[in-house]
Every structure is written in structure tokens, then in C-alpha cells.
Amino acid sequence: MNGKLYLIPTILSDDALQVVPAYVHEITAQLTVFFVENEKTARRYLRKSGFTESFDTTVLLPFNEHTESAVVSTYIDYLKKGIDCGLMSEAGVPAVADPGSALVYLCHQNAIKVIPLVGPSSILLALMGSGLNGQQFHFHGYIPVKQPMRKSYIQQMDLDARKGVTQIFIETPYRNNAIIQELVNTCHTDTLMSIASDLTGAKESIRTQSIGAWKKHLPTLEKIPAIFMLGR
């Protein structure tokens, strides 16, 4: 009998363990094999969650953007042996704006049960708190960095946002201030922009207002994880 693959959410902020339900920690505590984005982060999170087993007997296998598909295909062997396994992101939920979907799909191809567990998704938390359209939205991940593609991409997002489809994207934290400046310089003044930063953290902030209003008081978000949204 095949094992089950549990999709294990992790915390977005180091001090927010309470946002992951207790039943998730109970399941995690029973597993012995984990596919993890970052081994050091995974070990630290597991200990915080109450995991008491020795890491000498716990298998932590890398699963990130550098993991080759041939390696991923071998991971399924653990599940085929009847071993329940866990897939962990470095932050938030696995396989959403993070590695993991290839392993999940492989499980479906091999009749292995996949069980997603409840936990924080920065994308959904930001959308929930934005006041923008939650019925129609488009998550872009990271947008292009180089010009002129970056500007034309923002212009297209602005156009789609003004049609009522909420545009959601992320940026490397050290570029936060630069992208905010580009957005206010490129988008229509009546387009709504929402910025959600440090979600579930001590300095959590979700603020939505027009581009015209943002221009008057630009925020400073140096190295703070953030989600950006455009809408109407």
C-alpha cells in the first residue's frame, strides 16, 4: 500500500507559529521523510513545531528550483514503499509560488494520495485583506526585471486591473522601494494599489488606496517581504 504525501504549511514570520493549526503539527510529528526547500530552515521549523525525533534518523531531501527532475522521480520510491512523507516550503504553503508541483503531479500519476494541510498563504492573506476583487485575480509571481519589458508588463497589469481582474505579484524585498516607485510612475492615478507586508508578523500591514494617493506618501519597505496588488 502506498504512503501519503502531506503538503505541510510553514510559518511566514518566525514569531507566528500559532497560525499553523495544531493538527498539522500532530501529523508532522509522525513523519520520518520530508522533501524540503531548505534543510536548515526545515530543521528549525520542525523543532519549533514540536518535532522531537532525532534528525539522525529523519530523512530530509532537497526539493527546490535546482533539484533535477531525475532526482525528483526517485523521491516517489519512498511513498511506493508505504512511507508517509511531507513536502515543505521554506515559507507558507508548498507548491504555490514555490517548488513542489512536480512531485505532487508525480503522486497523481502513481495513484498516491495527496493531502494538503491548512496553513498561511501570503497570496491569499493579502488578497483577503485588500478589498480588491477576490472573484477574478491573476497571480504573476515575479515580474520581469529588465527594461523595457518591465514597464510594458506593468502597463498590461494596470490595463487588466482596470478591467476588474486583480493583479497580484511579488518582488525581491530589496527591490520593494524601486517597484513601488515604478508602479506610481506607470499606472493610472485612479488604479487601486494594495501593499501587504510582513503578513502574520509583528509589523503586519495591509493598505489599499489609489495610485494618486500613494504618490503623496510613498512607504519605505526595505527588505520586508511584501505582496503587491493592482485593482479597481
# chains A, B, ... in the order shown; residues from 1 in each chain; ligands from 1
$ select_by_dssp --residues "region 127-188 of chain A" --states "strand (DSSP E or B)" --output "list of chain:residue names"
A:Phe137, A:His138, A:Phe139, A:His140, A:Gly141, A:Tyr142, A:Thr166, A:Gln167, A:Ile168, A:Phe169, A:Ile170
$ residues_around --residues "region 174-183 of chain A" --least-positions-apart "4" --cutoff "12 Å" --atoms "only C-alpha atoms" --output "ChimeraX atom specification"
/A:142-148,150-158,169-170,187-189,191-197,210-212,214-230
$ write_last_selection --atoms "N, CA and C atoms" --output "short mmCIF file (atom, residue, chain, number, x, y, z; two decimals), in the first residue's frame"
data_model
loop_
_atom_site.label_atom_id
_atom_site.label_comp_id
_atom_site.auth_asym_id
_atom_site.auth_seq_id
_atom_site.Cartn_x
_atom_site.Cartn_y
_atom_site.Cartn_z
N TYR A 142 6.99 36.62 -9.84
CA TYR A 142 7.91 37.75 -10.05
C TYR A 142 7.71 38.30 -11.45
N ILE A 143 7.66 39.61 -11.58
CA ILE A 143 7.52 40.22 -12.90
C ILE A 143 8.91 40.48 -13.48
N PRO A 144 9.01 40.74 -14.79
CA PRO A 144 10.32 40.96 -15.41
C PRO A 144 11.12 42.06 -14.71
N VAL A 145 12.42 41.89 -14.68
CA VAL A 145 13.30 42.85 -14.01
C VAL A 145 13.83 43.90 -15.00
N LYS A 146 14.16 43.47 -16.20
CA LYS A 146 14.82 44.35 -17.15
C LYS A 146 13.84 45.22 -17.93
N GLN A 147 14.27 46.43 -18.23
CA GLN A 147 13.51 47.35 -19.08
C GLN A 147 13.88 47.07 -20.54
N PRO A 148 12.97 47.36 -21.49
CA PRO A 148 11.65 47.97 -21.31
C PRO A 148 10.53 46.98 -20.99
N ARG A 150 9.88 45.37 -18.35
CA ARG A 150 9.28 45.58 -17.03
C ARG A 150 8.16 46.63 -17.10
N LYS A 151 8.44 47.74 -17.77
CA LYS A 151 7.44 48.80 -17.86
C LYS A 151 6.22 48.33 -18.64
N SER A 152 6.44 47.66 -19.77
CA SER A 152 5.31 47.20 -20.58
C SER A 152 4.49 46.16 -19.82
N TYR A 153 5.15 45.35 -18.99
CA TYR A 153 4.45 44.35 -18.19
C TYR A 153 3.55 45.05 -17.16
N ILE A 154 4.07 46.08 -16.51
CA ILE A 154 3.28 46.84 -15.53
C ILE A 154 2.10 47.51 -16.22
N GLN A 155 2.32 48.04 -17.40
CA GLN A 155 1.24 48.70 -18.14
C GLN A 155 0.12 47.70 -18.46
N GLN A 156 0.49 46.48 -18.82
CA GLN A 156 -0.52 45.47 -19.12
C GLN A 156 -1.27 45.06 -17.86
N MET A 157 -0.55 44.93 -16.74
CA MET A 157 -1.22 44.61 -15.47
C MET A 157 -2.19 45.72 -15.09
N ASP A 158 -1.78 46.96 -15.30
CA ASP A 158 -2.64 48.10 -14.99
C ASP A 158 -3.91 48.04 -15.83
N PHE A 169 1.34 40.19 -7.48
CA PHE A 169 2.71 39.78 -7.79
C PHE A 169 3.61 40.01 -6.59
N ILE A 170 4.81 39.46 -6.68
CA ILE A 170 5.78 39.61 -5.61
C ILE A 170 7.07 40.18 -6.18
N CYS A 187 1.28 53.47 -13.54
CA CYS A 187 -0.15 53.16 -13.51
C CYS A 187 -1.01 54.41 -13.49
N HIS A 188 -2.27 54.27 -13.89
CA HIS A 188 -3.23 55.37 -13.84
C HIS A 188 -3.44 55.81 -12.39
N THR A 189 -3.70 57.08 -12.21
CA THR A 189 -3.82 57.61 -10.85
C THR A 189 -5.01 57.04 -10.08
N THR A 191 -6.15 53.88 -10.48
CA THR A 191 -5.97 52.44 -10.22
C THR A 191 -5.69 52.25 -8.74
N LEU A 192 -6.29 51.22 -8.15
CA LEU A 192 -6.04 50.93 -6.75
C LEU A 192 -4.81 50.04 -6.60
N MET A 193 -3.98 50.36 -5.64
CA MET A 193 -2.82 49.52 -5.33
C MET A 193 -2.88 49.13 -3.87
N SER A 194 -2.68 47.84 -3.61
CA SER A 194 -2.64 47.34 -2.25
C SER A 194 -1.26 46.75 -1.99
N ILE A 195 -0.72 47.08 -0.83
CA ILE A 195 0.58 46.54 -0.42
C ILE A 195 0.39 45.81 0.91
N ALA A 196 0.71 44.53 0.93
CA ALA A 196 0.61 43.73 2.15
C ALA A 196 2.02 43.29 2.53
N SER A 197 2.47 43.69 3.70
CA SER A 197 3.84 43.39 4.11
C SER A 197 3.90 42.74 5.49
N SER A 210 -5.65 54.52 -3.91
CA SER A 210 -5.37 54.80 -5.32
C SER A 210 -3.90 55.14 -5.53
N ILE A 211 -3.46 54.97 -6.75
CA ILE A 211 -2.09 55.34 -7.10
C ILE A 211 -1.86 56.83 -6.81
N GLY A 212 -2.87 57.64 -7.07
CA GLY A 212 -2.76 59.07 -6.80
C GLY A 212 -2.51 59.35 -5.33
N TRP A 214 -1.18 57.15 -3.15
CA TRP A 214 0.15 56.62 -2.81
C TRP A 214 1.25 57.60 -3.15
N LYS A 215 1.07 58.32 -4.26
CA LYS A 215 2.10 59.27 -4.70
C LYS A 215 2.41 60.33 -3.64
N LYS A 216 1.41 60.65 -2.85
CA LYS A 216 1.59 61.70 -1.83
C LYS A 216 2.43 61.22 -0.66
N HIS A 217 2.36 59.93 -0.35
CA HIS A 217 3.12 59.38 0.78
C HIS A 217 3.60 57.97 0.43
N LEU A 218 4.75 57.87 -0.18
CA LEU A 218 5.28 56.56 -0.55
C LEU A 218 5.85 55.84 0.67
N PRO A 219 5.52 54.57 0.85
CA PRO A 219 6.04 53.82 2.00
C PRO A 219 7.49 53.40 1.76
N THR A 220 8.18 53.07 2.81
CA THR A 220 9.53 52.53 2.73
C THR A 220 9.49 51.09 3.21
N LEU A 221 9.85 50.17 2.33
CA LEU A 221 9.74 48.75 2.66
C LEU A 221 11.07 48.04 2.43
N GLU A 222 12.11 48.54 3.01
CA GLU A 222 13.43 47.94 2.85
C GLU A 222 13.46 46.51 3.41
N LYS A 223 13.70 45.54 2.53
CA LYS A 223 13.93 44.15 2.92
C LYS A 223 12.80 43.52 3.72
N ILE A 224 11.57 43.99 3.50
CA ILE A 224 10.40 43.41 4.16
C ILE A 224 9.60 42.61 3.14
N PRO A 225 9.33 41.33 3.36
CA PRO A 225 8.54 40.54 2.42
C PRO A 225 7.18 41.19 2.18
N ALA A 226 6.81 41.32 0.91
CA ALA A 226 5.56 42.03 0.59
C ALA A 226 4.87 41.39 -0.61
N ILE A 227 3.56 41.59 -0.67
CA ILE A 227 2.74 41.22 -1.81
C ILE A 227 2.15 42.49 -2.37
N PHE A 228 2.19 42.63 -3.71
CA PHE A 228 1.67 43.83 -4.36
C PHE A 228 0.44 43.45 -5.20
N MET A 229 -0.56 44.33 -5.18
CA MET A 229 -1.78 44.06 -5.92
C MET A 229 -2.29 45.33 -6.59
N LEU A 230 -2.83 45.17 -7.79
CA LEU A 230 -3.46 46.26 -8.52
C LEU A 230 -4.90 45.86 -8.79
#
$ residues_around --residues "region 64-66 of chain A" --least-positions-apart "3" --cutoff "10 Å" --atoms "only C-alpha atoms" --output "list in words"
Phe35, Val36, Glu37, Asn38, Leu61, Ser69, Val72, Ser89, Glu90, Asp98, Pro99 and Gly100 of chain A
$ residues_around --residues "region 15-26 of chain A" --least-positions-apart "3" --cutoff "8 Å" --atoms "only C-alpha atoms" --output "list in words"
Ile8, Pro9, Thr10, Ile11, Leu12, Ala29, Gln30, Lys48, Ser49, Gly50, Phe51, Leu117, Val118, Gly119, Pro120, Thr200, Gly201 and Ala202 of chain A
$ write_last_selection --atoms "N, CA and C atoms" --output "PDB file, in the first residue's frame"
ATOM      1  N   ILE A   8       2.795  20.270   3.743  1.00  0.00           N
ATOM      2  CA  ILE A   8       2.900  20.879   5.069  1.00  0.00           C
ATOM      3  C   ILE A   8       3.172  22.381   4.981  1.00  0.00           C
ATOM      4  N   PRO A   9       2.258  23.209   5.484  1.00  0.00           N
ATOM      5  CA  PRO A   9       2.493  24.652   5.501  1.00  0.00           C
ATOM      6  C   PRO A   9       3.496  25.018   6.590  1.00  0.00           C
ATOM      7  N   THR A  10       4.250  26.054   6.350  1.00  0.00           N
ATOM      8  CA  THR A  10       5.166  26.567   7.365  1.00  0.00           C
ATOM      9  C   THR A  10       4.854  28.036   7.620  1.00  0.00           C
ATOM     10  N   ILE A  11       5.539  28.603   8.580  1.00  0.00           N
ATOM     11  CA  ILE A  11       5.229  29.974   9.001  1.00  0.00           C
ATOM     12  C   ILE A  11       5.816  31.012   8.051  1.00  0.00           C
ATOM     13  N   LEU A  12       5.164  32.165   7.988  1.00  0.00           N
ATOM     14  CA  LEU A  12       5.659  33.295   7.202  1.00  0.00           C
ATOM     15  C   LEU A  12       6.553  34.193   8.035  1.00  0.00           C
ATOM     16  N   ALA A  29       4.682  15.507  13.281  1.00  0.00           N
ATOM     17  CA  ALA A  29       5.464  14.806  14.307  1.00  0.00           C
ATOM     18  C   ALA A  29       5.571  13.306  14.037  1.00  0.00           C
ATOM     19  N   GLN A  30       4.667  12.763  13.213  1.00  0.00           N
ATOM     20  CA  GLN A  30       4.657  11.324  12.949  1.00  0.00           C
ATOM     21  C   GLN A  30       5.430  10.937  11.690  1.00  0.00           C
ATOM     22  N   LYS A  48      10.544  23.903  16.184  1.00  0.00           N
ATOM     23  CA  LYS A  48       9.579  24.877  16.726  1.00  0.00           C
ATOM     24  C   LYS A  48       8.185  24.263  16.814  1.00  0.00           C
ATOM     25  N   SER A  49       7.865  23.402  15.853  1.00  0.00           N
ATOM     26  CA  SER A  49       6.512  22.837  15.792  1.00  0.00           C
ATOM     27  C   SER A  49       6.308  21.684  16.773  1.00  0.00           C
ATOM     28  N   GLY A  50       7.374  21.293  17.481  1.00  0.00           N
ATOM     29  CA  GLY A  50       7.263  20.224  18.465  1.00  0.00           C
ATOM     30  C   GLY A  50       7.785  18.887  17.992  1.00  0.00           C
ATOM     31  N   PHE A  51       8.458  18.861  16.857  1.00  0.00           N
ATOM     32  CA  PHE A  51       9.022  17.625  16.327  1.00  0.00           C
ATOM     33  C   PHE A  51      10.187  17.193  17.214  1.00  0.00           C
ATOM     34  N   LEU A 117      -2.541  20.376   3.735  1.00  0.00           N
ATOM     35  CA  LEU A 117      -2.888  20.777   5.097  1.00  0.00           C
ATOM     36  C   LEU A 117      -3.068  22.290   5.177  1.00  0.00           C
ATOM     37  N   VAL A 118      -3.859  22.710   6.136  1.00  0.00           N
ATOM     38  CA  VAL A 118      -4.205  24.126   6.275  1.00  0.00           C
ATOM     39  C   VAL A 118      -3.049  24.922   6.873  1.00  0.00           C
ATOM     40  N   GLY A 119      -2.791  26.091   6.291  1.00  0.00           N
ATOM     41  CA  GLY A 119      -1.752  26.966   6.814  1.00  0.00           C
ATOM     42  C   GLY A 119      -1.735  28.284   6.065  1.00  0.00           C
ATOM     43  N   PRO A 120      -0.843  29.187   6.422  1.00  0.00           N
ATOM     44  CA  PRO A 120      -0.845  30.533   5.845  1.00  0.00           C
ATOM     45  C   PRO A 120      -0.299  30.591   4.423  1.00  0.00           C
ATOM     46  N   THR A 200       1.341  38.183   9.040  1.00  0.00           N
ATOM     47  CA  THR A 200       1.343  37.395  10.285  1.00  0.00           C
ATOM     48  C   THR A 200       2.474  37.806  11.227  1.00  0.00           C
ATOM     49  N   GLY A 201       3.285  38.776  10.839  1.00  0.00           N
ATOM     50  CA  GLY A 201       4.387  39.234  11.673  1.00  0.00           C
ATOM     51  C   GLY A 201       3.994  40.389  12.578  1.00  0.00           C
ATOM     52  N   ALA A 202       4.927  40.813  13.405  1.00  0.00           N
ATOM     53  CA  ALA A 202       4.655  41.885  14.376  1.00  0.00           C
ATOM     54  C   ALA A 202       4.367  43.219  13.701  1.00  0.00           C
TER      55      ALA A 202
END
$ residues_around --residues "region 126-137 of chain A" --least-positions-apart "3" --cutoff "7 Å" --atoms "only C-alpha atoms" --output "list of chain:residue names"
A:Ser122, A:Ile123, A:Gly164, A:Val165, A:Thr166, A:Gln167, A:Ser194, A:Ala196, A:Ile206, A:Arg207, A:Thr208, A:Ile227, A:Gly231, A:Arg232
$ atom_distance --atom1 "CA of Val59 (chain A)" --atom2 "CA of Thr32 (chain A)"
6.1 Å
$ closest_residue --among "A:Ile168, A:Ala161, A:Met149, A:Ile83" --to "Ile112 (chain A)" --atoms "only C-alpha atoms"
A:Ile83
$ atom_distance --atom1 "CA of Leu159 (chain A)" --atom2 "CA of Gly141 (chain A)"
17.7 Å
$ select_by_dssp --residues "chain A" --states "alpha helix (DSSP H)" --output "count of residues only"
78
$ closest_residue --among "A:Glu171, A:Ala102, A:Ala213, A:Asn110" --to "Val184 (chain A)" --atoms "only C-alpha atoms"
A:Ala213
$ atom_distance --atom1 "CA of Ile115 (chain A)" --atom2 "CA of Lys40 (chain A)"
24.2 Å
$ closest_residue --among "A:Ser13, A:Asp190, A:Gly82, A:Arg47" --to "Thr28 (chain A)" --atoms "only C-alpha atoms"
A:Arg47
